[in-house]
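Below is one structure, written out as structure tokens; the observations come after it.
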Amino acid sequence: MVRPARAVARAYGRGVRPAVDPISSPVTFDGNEETVRVLVLGAGFGGLQLTTRLSEELGDEADFVLIDRADSFVMGFSKLDVMFGRTTADAVRHRYADIVKPGVRFVQATIESIDPVGRRVETDAGPFQGDVMVVALGADLDPVATPGLVEAGCEFYTQAGAFAAREVLESFGGGRVIVGVISTPFKCPPAPSETALMVHDLLLVRGLRESSEVSLVMPLGSPIPPAPAASDAVLRAFAERGIAWCPNAVVQRLDPQRRVAVLADGTDMPFDLFLAVPVHRAPPVVAASGMCVDGWIPVDPSTLETPFPNVYAVGDVTSVGTPKAGVFAEGQADVVADRLIARHRQRSVTSTYDGTGACYIEFGHRQVGRVEVTFRRGQRPTGTFDEPSAALVADKAGFGASRARRWFGTDWINY
Ligand SMILES: Cc1cc2nc3c(=O)[nH]c(=O)nc-3n(C[C@H](O)[C@H](O)[C@H](O)COP(=O)(O)OP(=O)(O)OC[C@H]3O[C@@H](n4cnc5c(N)ncnc54)[C@H](O)[C@@H]3O)c2cc1C
């Protein structure tokens with residue numbers, strides 16, 4: 001009996017294993033182990049890492065279809081680099097047309113529906129089906145969910161928003177700047193703090209800092225809650241630069257006439273520029289698939305399996321328990337790749353996800369810090385923090401360049 005998608009997802013969300021155990025079920029791949037058909041939905045950090053690893057190991061033995069609606073990939077931190085004028089939009093776009101890997105077919109198409117039971121999608125370029133399906137469609141942003149945000153604010157979390165914010169910042173004549181996080185969860189927990197620090201630098205260089213105020217408003221008690229040492233360093237940097245830190249503050253709406261952010265406790269915060277991190281949601285096509293529980297796809301945190309046999313999910317679209325960041329999506333994709341390769345080679349499947357990831361944090365003044373954190377279910381996150389330094393600027397550039405080389409085969413100098 002095939003259970004309806006929504007019923008299976010609910011059962012798994014409550015910790016009940018599905019009737020068919022995807023690990024122990026036989027590896028049939030449609031009965032033909034010569035051609036594995038893997039459908040990868042989304043060519044972001046997770047989808048790119050997965051197809052690269054699978055292609056390296058299985059190459060032409062397989063047919064990997066990688067689907068994305070965009071024609072190019074932009075790394076999260078590149079959005080800030082463009083926004084603050086360090087580089088150009090063209091320089092940070094990695095074209096999917098450059099992906100030349102054995103077994104991989106990139107299809108530029110919008111996914112219109114997902115059937116997790118049949119491992120099939122409908123797209124505007126036709127239907128696709130896989131023996132295995134991996135959902136890596138990320139998190140969508142919903143500025144409209146906050147009244148007044150579209151009219152009076154400037155979201156910088158989408159590619160279009162960040163690139164447009166560059167012009168807004170270039171013509172900004174100084175005043176009250178609020179960097180506002182509307183809700184949790186949100187991608188890249190350090191990014192709003194980095195943005196506040198980079199706004200400070202920009203205003204300083206343009207001689208506008210004295211006549212301006214910079215505030216960071218967040219519904220959290222510390223800037224990077226899983227990493228206390230990193231949070232302390234960020235708060236020290238804010239204090240040194242006169243950046244106001246407003247924790248546990250919930251922005252309910254922006255009033256376009258009065259140019260104020262209205263907080264849940266009734267406080268009005270006046271602004272001349274509101275840089276927003278909007279509400280995050282699973283993409284509508286994922287929400288409509290019946291795979292979500294409480295807004296995101298539940299997965300086994302060790303294996304990234306969803307309750308649907310031979311359907312995995314990685315990255316921001318899941319509720320796996322790690323922050324929504326590219327490095328975690330990449331680590332999860334590695335585990336799915338290991339497991340699929342082992343199954344295809346008929347080796348025992350041992351790789352499990354350890355919840356570890358490292359992120360770079362921009363402090364401005366050409367200084368970058370680095371935080372490494374491990375998330376394990378039911379335990380407090382543990383990790384280390386490397387203080388900001390110029391050496392880590394080069395490390396971060398190397399991180400970006402290595403992904404460009406690995407995923408697209410291109411050399412990339414990212415500032
Ligand atoms: C300002 C900013 C800075 C950041 N800095 C960092 C950082 O320094 N380090 C870090 O690790 N992370 C950073 N991140 C977070 C990082 O970008 C994401 O967490 C990461 O991209 C998630 O990877 P993913 O594979 O889950 O999804 P994504 O990379 O978001 O990929 C999802 C893909 O799915 C596609 N898609 C969605 N819906 C459809 C559909 N219906 N049809 C077809 N295609 C679809 C999208 O086009 C997209 O390419 C930052 C994010 C922001 C906004």
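In the structure tokens, chains take letters A, B, ... by order of appearance, with residues numbered from 1 within each chain and ligands from 1 in the order shown.
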For chain A against ligand 1, with a cut-off of 6 Å and counting only C-alpha atoms and all ligand atoms, what is the closest atom pair and its distance in Å to one decimal for every residue that makes the cut, ordered by chain and number, as a tab-separated table?
residue	atom	partner	partner_atom_place_in_ligand_line	distance
A:Gly42	CA	ligand 1	34 (O)	3.6
A:Ala43	CA	ligand 1	49 (O)	4.8
A:Gly44	CA	ligand 1	29 (O)	3.2
A:Phe45	CA	ligand 1	25 (O)	3.9
A:Gly46	CA	ligand 1	25 (O)	3.6
A:Gly47	CA	ligand 1	25 (O)	5.6
A:Asp68	CA	ligand 1	44 (N)	3.7
A:Arg69	CA	ligand 1	43 (C)	4.0
A:Ala70	CA	ligand 1	47 (O)	5.1
A:Met75	CA	ligand 1	17 (O)	5.7
A:Gly76	CA	ligand 1	50 (C)	3.6
A:Phe77	CA	ligand 1	5 (N)	3.9
A:Lys79	CA	ligand 1	1 (C)	5.5
A:Leu80	CA	ligand 1	1 (C)	5.5
A:Ala109	CA	ligand 1	43 (C)	5.8
A:Thr110	CA	ligand 1	42 (N)	3.6
A:Ile111	CA	ligand 1	42 (N)	3.8
A:Glu112	CA	ligand 1	41 (N)	6.0
A:Ala136	CA	ligand 1	25 (O)	5.1
A:Leu137	CA	ligand 1	34 (O)	3.6
A:Gly138	CA	ligand 1	27 (O)	3.3
A:Ala139	CA	ligand 1	30 (O)	5.9
A:Tyr157	CA	ligand 1	53 (C)	4.1
A:Lys187	CA	ligand 1	15 (C)	4.9
A:Cys188	CA	ligand 1	14 (N)	4.5
A:Ala191	CA	ligand 1	3 (C)	5.2
A:Pro283	CA	ligand 1	38 (N)	5.6
A:Val285	CA	ligand 1	41 (N)	5.7
A:Gly315	CA	ligand 1	26 (O)	3.4
A:Asp316	CA	ligand 1	26 (O)	3.9
A:Val317	CA	ligand 1	26 (O)	5.9
A:Lys324	CA	ligand 1	19 (O)	4.6
A:Ala325	CA	ligand 1	19 (O)	3.1
A:Gly326	CA	ligand 1	11 (O)	3.4
A:Val327	CA	ligand 1	11 (O)	4.0
A:Ala329	CA	ligand 1	26 (O)	5.2
A:Cys359	CA	ligand 1	9 (N)	5.3
A:Tyr360	CA	ligand 1	8 (O)	5.6
Shell around range 223-229 of chain A at 10 Å using only C-alpha atoms, local window under 3 positions removed, as JSON, numbers by chain: {"A": [188, 189, 190, 191, 192, 193, 216, 217, 218, 219, 220, 232, 233, 234, 235, 245, 246, 247, 322, 323, 371, 372, 373, 374, 375, 380, 381, 382, 383, 384, 385, 386, 387]}
A:Val260, A:Ala287, A:Val82, A:Val336 ranked by distance to Val314 in chain A, top pick (using only C-alpha atoms):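 Once distances to Val314 in chain A are computed over only C-alpha atoms, the minimum belongs to A:Val336.
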Atomic separation - CA of Val168 in chain A relative to CA of Lys396 in chain A, Å: 26.5 Å
Two-atom distance - CA of Val181 in chain A, CA of Ala237 in chain A (Å): 19.0 Å
DSSP alpha helix (DSSP H) selection over range 121-360 of chain A, as a PyMOL selection string: chain A and resi 149-152+159-171+191-205+228-241+284-287+326-344
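Residue nearest Ser212 in chain A, chosen from A:Gly161, A:Gly174, A:Gly148, A:Gly180 and counting only C-alpha atoms: A:Gly174.
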Give me the residues near Val205 in chain A as a PDB file with C-alpha atoms, in the first residue's frame, where near means some atom within 12 Å (using only C-alpha atoms) and where sequence neighbours in that chain fewer than 4 positions away do not count.
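Result file result_27.pdb:
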ATOM      1  CA  PHE A  84      29.059  46.589  -0.656  1.00  0.00           C
ATOM      2  CA  GLU A 170      25.632  54.031  -3.199  1.00  0.00           C
ATOM      3  CA  GLY A 174      23.544  58.937   5.694  1.00  0.00           C
ATOM      4  CA  MET A 198      30.046  46.364   6.560  1.00  0.00           C
ATOM      5  CA  VAL A 199      27.499  49.217   6.634  1.00  0.00           C
ATOM      6  CA  HIS A 200      29.669  50.847   9.312  1.00  0.00           C
ATOM      7  CA  ASP A 201      32.766  50.570   7.095  1.00  0.00           C
ATOM      8  CA  ARG A 209      29.460  57.652   9.784  1.00  0.00           C
ATOM      9  CA  GLU A 210      29.348  60.641  12.156  1.00  0.00           C
ATOM     10  CA  GLY A 364      35.080  44.705   8.047  1.00  0.00           C
ATOM     11  CA  HIS A 365      38.501  46.443   8.038  1.00  0.00           C
TER      12      HIS A 365
END
Shell around Asp411 in chain A at 12 Å using only C-alpha atoms, local window under 2 positions removed, as a ChimeraX atom specification: /A:91-92,94,98,397-398,400-409,413-414
Name the residues in contact with Ala160 in chain A at a cut-off of 10 Å, using only C-alpha atoms, excluding same-chain residues fewer than 5 positions from it; report them as a PDB file with C-alpha atoms, in the first residue's frame.
ATOM      1  CA  LYS A  79      25.742  38.762  -2.375  1.00  0.00           C
ATOM      2  CA  ALA A  89      27.317  40.923 -10.152  1.00  0.00           C
ATOM      3  CA  GLU A 155      15.592  43.116   1.508  1.00  0.00           C
ATOM      4  CA  ALA A 165      20.779  47.176  -2.440  1.00  0.00           C
TER       5      ALA A 165
END
Distance in Å - CA of His344 in chain A versus CA of Gly59 in chain A: 12.1 Å
Arg366 in chain A environment, 9 Å, only C-alpha atoms, sequence neighbours closer than 4 positions dropped, as a PyMOL selection string: chain A and resi 362+389-390+393
Keeping only C-alpha atoms, write the selected residues as an mmCIF file, in the first residue's frame.
data_model
loop_
_atom_site.group_PDB
_atom_site.id
_atom_site.type_symbol
_atom_site.label_atom_id
_atom_site.label_comp_id
_atom_site.auth_asym_id
_atom_site.auth_seq_id
_atom_site.Cartn_x
_atom_site.Cartn_y
_atom_site.Cartn_z
ATOM 1 C CA GLU A 362 33.299 39.350 7.923
ATOM 2 C CA SER A 389 42.570 38.191 10.985
ATOM 3 C CA ALA A 390 43.845 39.121 7.536
ATOM 4 C CA VAL A 393 40.491 36.731 4.394
#
